[in-house]
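Presented below is the structure to which this report refers.
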Amino acid sequence: MATISNLANLPRATCVDSKSSSSSSVLPRSFVNFRGLNAKLSSSQLSLRYNQRSRPSLSVRCSVSGGNGTAGKRTTLHDLYEKEGQSPWYDNLCRPVTDLLPLIARGVRGVTSNPAIFQKAISTSNAYNDQFRTLVESGKDIESAYWELVVKDIQDACKLFEPIYDQTEGADGYVSVEVSPRLADDTQGTVEAAKYLSKVVNRRNVYIKIPATAPCIPSIRDVIASGISVNVTLIFSIARYEAVIDAYLDGLEASGLDDLSRVTSVASFFVSRVDTLMDKMLEQIGTPEALDLRGKAAVAQAALAYKLYQHKFSGPRWEALVKKGAKKQRLLWASTSVKNPAYSDTLYVAPLIGPDTVSTMPDQALEAFADHGIVKRTIDANVSEAEGIYSALEKLGIDWNKVGEQLEDEGVDSFKKSFESLLGTLQDKANTLKLASH
């Protein structure tokens, strides 16, 4: 069996790396106006890519038209959910959203998005041009237009995953959309934005993403208390993860609802970015002991996060909430793509399989696991080993909480830059449209 100690050093399998080519109420501060949104699905045809072995690829190619689909068939992703209770989600979204249908047929059960994903989708595709042109010509400012583009994609994707949501009675089939990254340090602004975004998207199976920054921990509690389902994102440390769980439990208790079954949440615990930073730190230390720990920190911390999850969602406090229909806040493994080509291409998926969890995967990780992943419960198979790795890193002088803080700062900054870059791109497009109309 592949353990934490040897999994990082497995040879990487060959894999094709496919690239994805309203309301009139008062707006919350730091948010935007949404008007005239519609939820009709794109009429564009499906399109798939094929790899060198002529096997249907699980990744989709975002396109305006053309392409063709293939009939769904049973895959490893179906087994992942049905045998081990882990939901495979897709970490990407672009137009036409109907390109997600083949993925759903092959076992994908939800979608995550973030500012970086939309930055890539909107800036590299012509599929948004017609709607954007209409918005600009109607007098929308750039940020308002951006949110209308995003909300339409989220609404359309939610429609596709509604059958899964209904079949699981609200336990799965979610599509996530993130509040503005400008609000990462604004507690009340985040609450207002989450409530407004939930109202405007107006879909039962939408998750509003809120970052796990210190100022947003109270926001998570308040948004949950108001009955809105939340995907808590950018979690990089055990300490911050426990604060996120407590915010969820506090929110459920404060909601005053008799039926808690439709207020759900996932906690997005980031994985590969931890190793990216830790490996650099270990190489700077340079001792044989330090170098031997490369590629092991992220999975070890994730295993301990799952141990904490099991502890927190048990006992009298949790059982009292269960009597009202409460569902566990599932752990969601995020940042599952492998950054170091020396590591196994399923490093951040294979050792993190366990019940009541989600693994959201971009194209590379999704294709790799669907192709040669092994479905077997692994998340708690080597807890003592994970504890040993965690402690060994501390003995080397590494402060896990400081690592988490640095990664959080970098994550928030990255999303802000993607957001600002996209707004700049849209402004350029708007200027071009205005010039062309004269």
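Chain labels run A, B, ... following the order of the structure tokens; each chain numbers its residues from 1, and ligands are numbered from 1 in the order shown.
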DSSP on the backbone, alpha helix (DSSP H) only: what residues of range 241-410 of chain A does that give? Format it as a ChimeraX atom specification. /A:241-254,272-285,288-292,297-312,316-322,363-372,383-395,400-410
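Taking CA of Pro181 in chain A and CA of Lys416 in chain A as the two end points, the separation is 5.3 Å.
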Figure out the distance between CA of Leu80 in chain A and CA of Lys307 in chain A, please, to one decimal in Å. 20.1 Å
Find the residues near Phe419 in chain A: any atom within 8 Å, counting only C-alpha atoms, skip ones fewer than 3 places away on the same chain, and give them as a VMD selection string. chain A and resid 115 to 116 119 181 415 to 416 422 to 423
Export N, CA and C atoms of the chosen residues as a CSV table (one decimal), in the first residue's frame?
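File written: selection-v3.csv
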chain,number,residue,atom,x,y,z
A,115,PRO,N,-12.0,33.4,-8.3
A,115,PRO,CA,-11.6,34.5,-9.2
A,115,PRO,C,-10.6,34.2,-10.3
A,116,ALA,N,-9.6,33.3,-10.0
A,116,ALA,CA,-8.6,33.0,-11.0
A,116,ALA,C,-9.3,32.1,-12.1
A,119,GLN,N,-11.2,34.5,-14.2
A,119,GLN,CA,-10.2,35.4,-15.0
A,119,GLN,C,-9.8,34.7,-16.3
A,181,PRO,N,-12.8,39.1,-3.7
A,181,PRO,CA,-11.6,38.9,-2.9
A,181,PRO,C,-11.2,40.2,-2.2
A,415,PHE,N,-5.9,35.9,-5.6
A,415,PHE,CA,-7.2,36.0,-6.1
A,415,PHE,C,-7.5,37.5,-6.4
A,416,LYS,N,-7.0,38.4,-5.6
A,416,LYS,CA,-7.2,39.8,-5.8
A,416,LYS,C,-6.6,40.2,-7.1
A,422,LEU,N,-8.8,40.8,-14.4
A,422,LEU,CA,-10.0,40.6,-15.3
A,422,LEU,C,-10.8,41.9,-15.5
A,423,LEU,N,-10.9,42.6,-14.4
A,423,LEU,CA,-11.6,43.9,-14.6
A,423,LEU,C,-10.9,44.8,-15.6
Let me make sure I understand: among A:Arg317, A:Cys158, A:Ala212, A:Pro351, which one has the smallest atom-to-atom distance to Ala386 in chain A if we use only C-alpha atoms?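 That would be A:Pro351, the residue with the smallest distance to Ala386 in chain A.
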Per-residue DSSP, range 87-201 of chain A, filtered to strand (DSSP E), as a list in words: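 Those residues are Ser87, Pro88, Trp89, Tyr90, Val175, Ser176, Val177 and Glu178 of chain A.
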Name the residues in contact with range 328-333 of chain A at a cut-off of 6 Å, using only C-alpha atoms, excluding same-chain residues fewer than 6 positions from it; report them as a tab-separated table (two decimals) with all heavy atoms, in the first residue's frame.
chain	number	residue	atom	x	y	z
A	265	SER	N	-22.41	22.87	4.46
A	265	SER	CA	-21.14	23.57	4.27
A	265	SER	C	-20.04	22.58	3.94
A	265	SER	O	-20.13	21.39	4.28
A	265	SER	CB	-20.78	24.33	5.56
A	265	SER	OG	-19.57	25.05	5.42
A	266	VAL	N	-19.03	23.08	3.26
A	266	VAL	CA	-17.79	22.34	3.08
A	266	VAL	C	-16.65	23.25	3.54
A	266	VAL	O	-16.74	24.48	3.46
A	266	VAL	CB	-17.55	21.89	1.62
A	266	VAL	CG1	-18.54	20.81	1.21
A	266	VAL	CG2	-17.60	23.08	0.66
A	267	ALA	N	-15.59	22.63	4.03
A	267	ALA	CA	-14.39	23.35	4.46
A	267	ALA	C	-13.26	22.99	3.51
A	267	ALA	O	-12.77	21.86	3.52
A	267	ALA	CB	-14.03	22.98	5.90
A	268	SER	N	-12.86	23.94	2.68
A	268	SER	CA	-11.87	23.67	1.63
A	268	SER	C	-10.46	23.79	2.19
A	268	SER	O	-9.93	24.89	2.38
A	268	SER	CB	-12.06	24.65	0.46
A	268	SER	OG	-13.30	24.42	-0.16
A	269	PHE	N	-9.86	22.64	2.42
A	269	PHE	CA	-8.51	22.55	3.00
A	269	PHE	C	-7.53	22.38	1.84
A	269	PHE	O	-7.58	21.41	1.10
A	269	PHE	CB	-8.45	21.34	3.94
A	269	PHE	CG	-7.37	21.42	4.97
A	269	PHE	CD1	-7.65	21.82	6.26
A	269	PHE	CD2	-6.06	21.09	4.66
A	269	PHE	CE1	-6.66	21.89	7.24
A	269	PHE	CE2	-5.06	21.17	5.60
A	269	PHE	CZ	-5.35	21.56	6.91
A	356	ASP	N	-17.53	11.02	3.61
A	356	ASP	CA	-18.00	12.37	3.92
A	356	ASP	C	-16.98	13.44	3.57
A	356	ASP	O	-16.85	14.45	4.27
A	356	ASP	CB	-18.38	12.48	5.40
A	356	ASP	CG	-19.49	11.52	5.79
A	356	ASP	OD1	-20.43	11.37	4.99
A	356	ASP	OD2	-19.41	10.92	6.88
A	357	THR	N	-16.23	13.23	2.50
A	357	THR	CA	-15.28	14.23	2.04
A	357	THR	C	-15.54	14.53	0.57
A	357	THR	O	-16.28	13.82	-0.12
A	357	THR	CB	-13.82	13.75	2.19
A	357	THR	OG1	-13.64	12.53	1.45
A	357	THR	CG2	-13.48	13.50	3.65
A	358	VAL	N	-14.92	15.60	0.11
A	358	VAL	CA	-15.00	16.02	-1.29
A	358	VAL	C	-13.58	16.21	-1.78
A	358	VAL	O	-12.71	16.70	-1.04
A	358	VAL	CB	-15.78	17.35	-1.44
A	358	VAL	CG1	-15.80	17.79	-2.90
A	358	VAL	CG2	-17.19	17.22	-0.89
A	359	SER	N	-13.31	15.84	-3.03
A	359	SER	CA	-12.04	16.17	-3.66
A	359	SER	C	-12.35	16.95	-4.92
A	359	SER	O	-12.98	16.43	-5.84
A	359	SER	CB	-11.26	14.90	-4.02
A	359	SER	OG	-10.01	15.24	-4.61
Taking into account only C-alpha atoms, which residue in the set A:Ala392, A:Ala342, A:Val274, A:Ala303 is nearest to Asp380 in chain A?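 Using only C-alpha atoms, Asp380 in chain A sits closest to A:Ala303.
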Counting only C-alpha atoms, what are the residues of range 129-191 of chain A within 8 Å of range 95-107 of chain A, and for each of them which pair of atoms is the nearest and at what distance in Å, to one decimal? Sort the table by chain and rising number, as a Markdown table.
| residue | atom | partner | partner_atom | distance |
| --- | --- | --- | --- | --- |
| A:Asp153 | CA | A:Val97 | CA | 6.8 |
| A:Asp156 | CA | A:Val97 | CA | 6.7 |
| A:Ala157 | CA | A:Val97 | CA | 6.0 |
| A:Leu160 | CA | A:Leu101 | CA | 7.4 |
| A:Phe161 | CA | A:Ile104 | CA | 8.0 |
Interatomic distance (Å, one decimal) between CA of Arg133 in chain A and CA of Leu149 in chain A: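 Result for CA of Arg133 in chain A versus CA of Leu149 in chain A: 11.0 Å, one decimal.
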